[in-house]
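Novice: Before I ask anything, here is the structure I am working with.
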Amino acid sequence: MPGISFICDFKEDLRNKENLILQSLDSLIHFEHYKKDILINEKSYFLGCTLYDGYPMTSFENDNFIMYIEGKIYNNNYSIIERKLIKLAQCIYEEEISIEQLKMWLLDTDGEFIIIIVNKRTNEISLINDAFGLLPLYFIKLDHQIILSREIRFITNLTGSKDFDRMALAQYLLFGYALGKRTLIKNISRVRPATLIKINLNSRKIDIIKIHEFNVQEKEYEKVDIEENTKNLIGLFSEACNKRACSYDDYSIILSLSGGLDSRAVGACLKKNDIRFSGVSYLDSCKRAKDDVEIAAQLAKVFKIDWSLFELENPKDTDILKLLKIKNGQNHLGMSFILSFLDRIKERYGSKIIYFTGVGGGILKPEMRLSKKLRNINELIDFVIKENHVFKLERVSSLTRLKENEIINELKDHFLSYPEKDYSQKYVHFLVYELDFKWALEGEDRNRFYYWSVAPFYSIPFFNYIINCPDNQISEYKLYRLFLSGMYPDVLAIDYANWNAPISSIKAFLIKLYHKSPSSIRSVVRRALKPDKSIAHADANLVSSFKKQINNCEAVNKYLSIPYVSSILKHCNRHQIESIFTLTSIIEDFECGTTSINSDNRK
């Protein structure tokens, strides 16, 4: 993975294990055009990175501090960013850290970044990430050591820690991702958004401090009328798109264009602001994206842009292995087909591109704001599982050999830790911090293996404004319609792929009725409006590799019930098989050091 890897050890001289560290860094060089760079190599701490030409890695230095920034800050020009970083360093290294000042700094700093600050005078090192944790970062903290990296594999290579977290496996099978700071590997955690890690080399102390967590229950703009809120949102979104588009000189803007609302909203904003861009879409081998492609083509005509369609074949085993190695199970292997899409974009447009996506746009949709009232934690848990499960709870329990109440109690403790008091708003928090941050953002980060990828919906000012808008304005797509109309009204006449009808033509009372109806009825309505034309079963070669894993790798049976897996396999849909296959593949890779994914299967 492009990005930083850091080690601090209070006992051992890291220079004595330099070869192992560099070998671990070499394991993150997944493509020929990658290179590694050693930024700091001291007795007690090491900072290195892997990157390609154009990947954003910047450094600043003055008499007091050395600062490294991975990623982008979009607020200001270079000199102002430097002043902001100095202000950040001063906030961190005051005699007593002001959490409120750091919070204000983060909420005033729009971008995707990880910042490392070395205090030359006090022998301290600090690391802070952005308010969304847009660049996933993982760590392990031991008695005398902390290791952080953008790739889990770097940590496991150094520690040899490859035991899997059974609860994380259960949550992955339940939802498709582990919750909170959990990763699939035991004792390796994901750094939460807006986190400060402060290391004092003199006192041998490591502090991990949560600076901020968004509370989606607070509605500051509840009394502002919908027209004014829409106008303000359009202004903030325009600023976000402009700053991201201008973040590199002489780079092409490429928009991932689908038949949904979110990518067209980004396109509408780019057009409104006279930003030149091209569109790209894909048609998968199973033709599941056929409706999206037809609508994307119509949108491209409305936008009057260059548009490229890439027809994809079934993923090769080399693609599956590549995704396994670069994301270590954090992006499920059913997405391996997308790698050829990313490759072909690069072949078509070159490497000097900024890749825009509509990730994060769900926050504008009524699906993320509940019309029903959840009265207690049990209702919340039941609703979360019912609406978001991959496997039903009883199957997850049988697969992992964890009792249902163990899984439920873990969910209860985790959901109660959310800052919202209202249980319906806790559900919105779940969708943002778990579904979006763990599912969507890991996919967004996968794109950065190829070129810089941005999601303007995750602009801090925009996001902070939209979560403070009242739910009744977001219901029935009222605000989303005004948002699109205010930027580029022609897109309203184009079908919304989820409905096979334009969003402007859907009657408000039908939408309201739909969102208030039980999930079983909504499922029937969705199938009627948009029949599922996809193949229900997973690729035969994938299933073949999967069966080899469960038969040949004893470690798989250590974590998953192989007899139960075998008994339900023929009843699983594509997504369920791909989810289990992701887990068995990463278990086999880490525990056995081999793979049953046979590259001779797909040529």
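FYI, nothing fancy with the structure tokens labels: chains A, B, ... in order, residues from 1 per chain, ligands from 1 as they appear.
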Using DSSP assignments from the backbone, pull out every residue in stretch 202-336 of chain A that falls under helix (DSSP H, G or I) and give it to me as a PyMOL selection string.

Specialist: chain A and resi 226-245+262-272+290-303+317-327+333-335

Novice: Based on the backbone DSSP call, show me all residues of stretch 5-156 of chain A assigned strand (DSSP E), as a VMD selection string.

Specialist: chain A and resid 5 to 9 35 to 41 45 to 51 57 to 61 65 to 73 111 to 119 124 to 129 138 to 141 145 to 149

Novice: List as a Markdown table every residue of stretch 133-180 of chain A that is in contact with stretch 38-46 of chain A, defined as an atom at most 12 Å from one of its atoms (using only C-alpha atoms), together with the nearest atom pair and the distance in Å rounded to one decimal, sorted by chain and then rising number.

Specialist:
```
| residue | atom | partner | partner_atom | distance |
| --- | --- | --- | --- | --- |
| A:His144 | CA | A:Ser44 | CA | 10.6 |
| A:Gln145 | CA | A:Ser44 | CA | 9.5 |
| A:Ile146 | CA | A:Tyr45 | CA | 9.6 |
| A:Ile147 | CA | A:Phe46 | CA | 9.5 |
| A:Leu148 | CA | A:Phe46 | CA | 10.5 |
| A:Ser149 | CA | A:Phe46 | CA | 11.5 |
```

Novice: Mind dumping the selected residues with C-alpha atoms as a PDB file, in the first residue's frame?

Specialist:
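Heads up, here's the output in result-v3.pdb:
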```
ATOM      1  CA  HIS A 144       7.707  -1.418  24.871  1.00  0.00           C
ATOM      2  CA  GLN A 145       6.777  -0.942  21.242  1.00  0.00           C
ATOM      3  CA  ILE A 146       4.237   0.486  18.834  1.00  0.00           C
ATOM      4  CA  ILE A 147       4.083  -0.301  15.111  1.00  0.00           C
ATOM      5  CA  LEU A 148       1.829   1.600  12.712  1.00  0.00           C
ATOM      6  CA  SER A 149       1.375   1.021   9.015  1.00  0.00           C
TER       7      SER A 149
END
```

Novice: Ranking A:Ser278, A:Thr318, A:Asn77, A:Thr230 by minimum distance to A:Gly486 and counting only C-alpha atoms, which one comes first?

Specialist: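 Closest residue, counting only C-alpha atoms: A:Thr230.
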
Novice: Please list as an mmCIF file with C-alpha atoms, in the first residue's frame every residue within 9 Å of stretch 178-195 of chain A, counting only C-alpha atoms and excluding residues in the same chain fewer than 6 positions away.

Specialist:
```cif
data_model
loop_
_atom_site.group_PDB
_atom_site.id
_atom_site.type_symbol
_atom_site.label_atom_id
_atom_site.label_comp_id
_atom_site.auth_asym_id
_atom_site.auth_seq_id
_atom_site.Cartn_x
_atom_site.Cartn_y
_atom_site.Cartn_z
ATOM 1 C CA LYS A 103 -10.751 19.294 17.531
ATOM 2 C CA LEU A 106 -9.261 19.029 12.565
ATOM 3 C CA LEU A 127 0.797 11.162 14.767
ATOM 4 C CA ILE A 128 -2.664 12.485 13.935
ATOM 5 C CA ASN A 129 -5.137 11.523 11.196
ATOM 6 C CA ASP A 130 -8.037 13.389 9.610
ATOM 7 C CA ALA A 131 -11.514 13.557 11.123
ATOM 8 C CA PHE A 132 -12.834 10.699 8.942
ATOM 9 C CA GLY A 133 -9.764 8.438 8.949
ATOM 10 C CA LEU A 134 -9.875 8.535 5.149
ATOM 11 C CA PRO A 136 -6.856 3.601 6.799
ATOM 12 C CA LEU A 137 -4.017 3.077 9.270
ATOM 13 C CA TYR A 138 -3.396 0.065 11.503
ATOM 14 C CA PHE A 139 -1.354 -0.431 14.655
ATOM 15 C CA ILE A 140 -0.251 -2.800 17.375
ATOM 16 C CA LYS A 141 0.770 -1.522 20.800
ATOM 17 C CA LEU A 148 1.829 1.600 12.712
ATOM 18 C CA ILE A 152 -1.539 -4.862 8.183
ATOM 19 C CA ILE A 155 2.927 -5.346 11.151
ATOM 20 C CA THR A 156 2.459 -9.107 10.981
ATOM 21 C CA SER A 161 1.347 -12.046 15.200
ATOM 22 C CA LYS A 162 -1.039 -13.822 12.847
ATOM 23 C CA ASP A 163 -3.772 -15.080 15.150
ATOM 24 C CA PHE A 164 -7.225 -14.052 13.999
ATOM 25 C CA ASP A 165 -9.805 -12.187 16.066
ATOM 26 C CA ARG A 166 -12.823 -14.490 16.343
ATOM 27 C CA MET A 167 -15.233 -11.665 17.129
ATOM 28 C CA ALA A 168 -13.953 -9.695 14.143
ATOM 29 C CA LEU A 169 -14.510 -12.770 11.944
ATOM 30 C CA ALA A 170 -18.067 -13.031 13.271
ATOM 31 C CA GLN A 171 -18.747 -9.348 12.590
ATOM 32 C CA TYR A 172 -17.276 -9.710 9.099
ATOM 33 C CA ILE A 208 -3.707 7.257 22.233
ATOM 34 C CA ILE A 209 -6.269 10.065 22.416
ATOM 35 C CA LYS A 210 -9.607 10.329 20.595
ATOM 36 C CA ILE A 211 -9.987 13.958 19.549
ATOM 37 C CA HIS A 212 -13.463 13.952 18.024
ATOM 38 C CA GLU A 213 -16.387 11.789 16.962
ATOM 39 C CA ASN A 328 -5.483 -8.190 3.460
ATOM 40 C CA GLY A 329 -9.199 -8.978 3.598
ATOM 41 C CA GLN A 330 -10.268 -5.370 4.308
ATOM 42 C CA LEU A 411 -22.697 -5.227 19.546
ATOM 43 C CA HIS A 414 -20.168 -1.027 20.887
ATOM 44 C CA TYR A 433 -18.806 4.987 10.971
ATOM 45 C CA GLU A 434 -19.149 1.303 10.120
ATOM 46 C CA LEU A 435 -20.738 0.790 6.685
ATOM 47 C CA LYS A 438 -15.184 0.239 6.888
ATOM 48 C CA LEU A 583 -11.796 -15.027 5.240
#
```

Novice: Choose the residue, out of A:Glu394, A:Asp436, A:Asp422, A:Glu61, that has the smallest atom-to-atom separation from A:Lys120; count only C-alpha atoms.

Specialist: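 The closest residue to A:Lys120 is A:Glu61.
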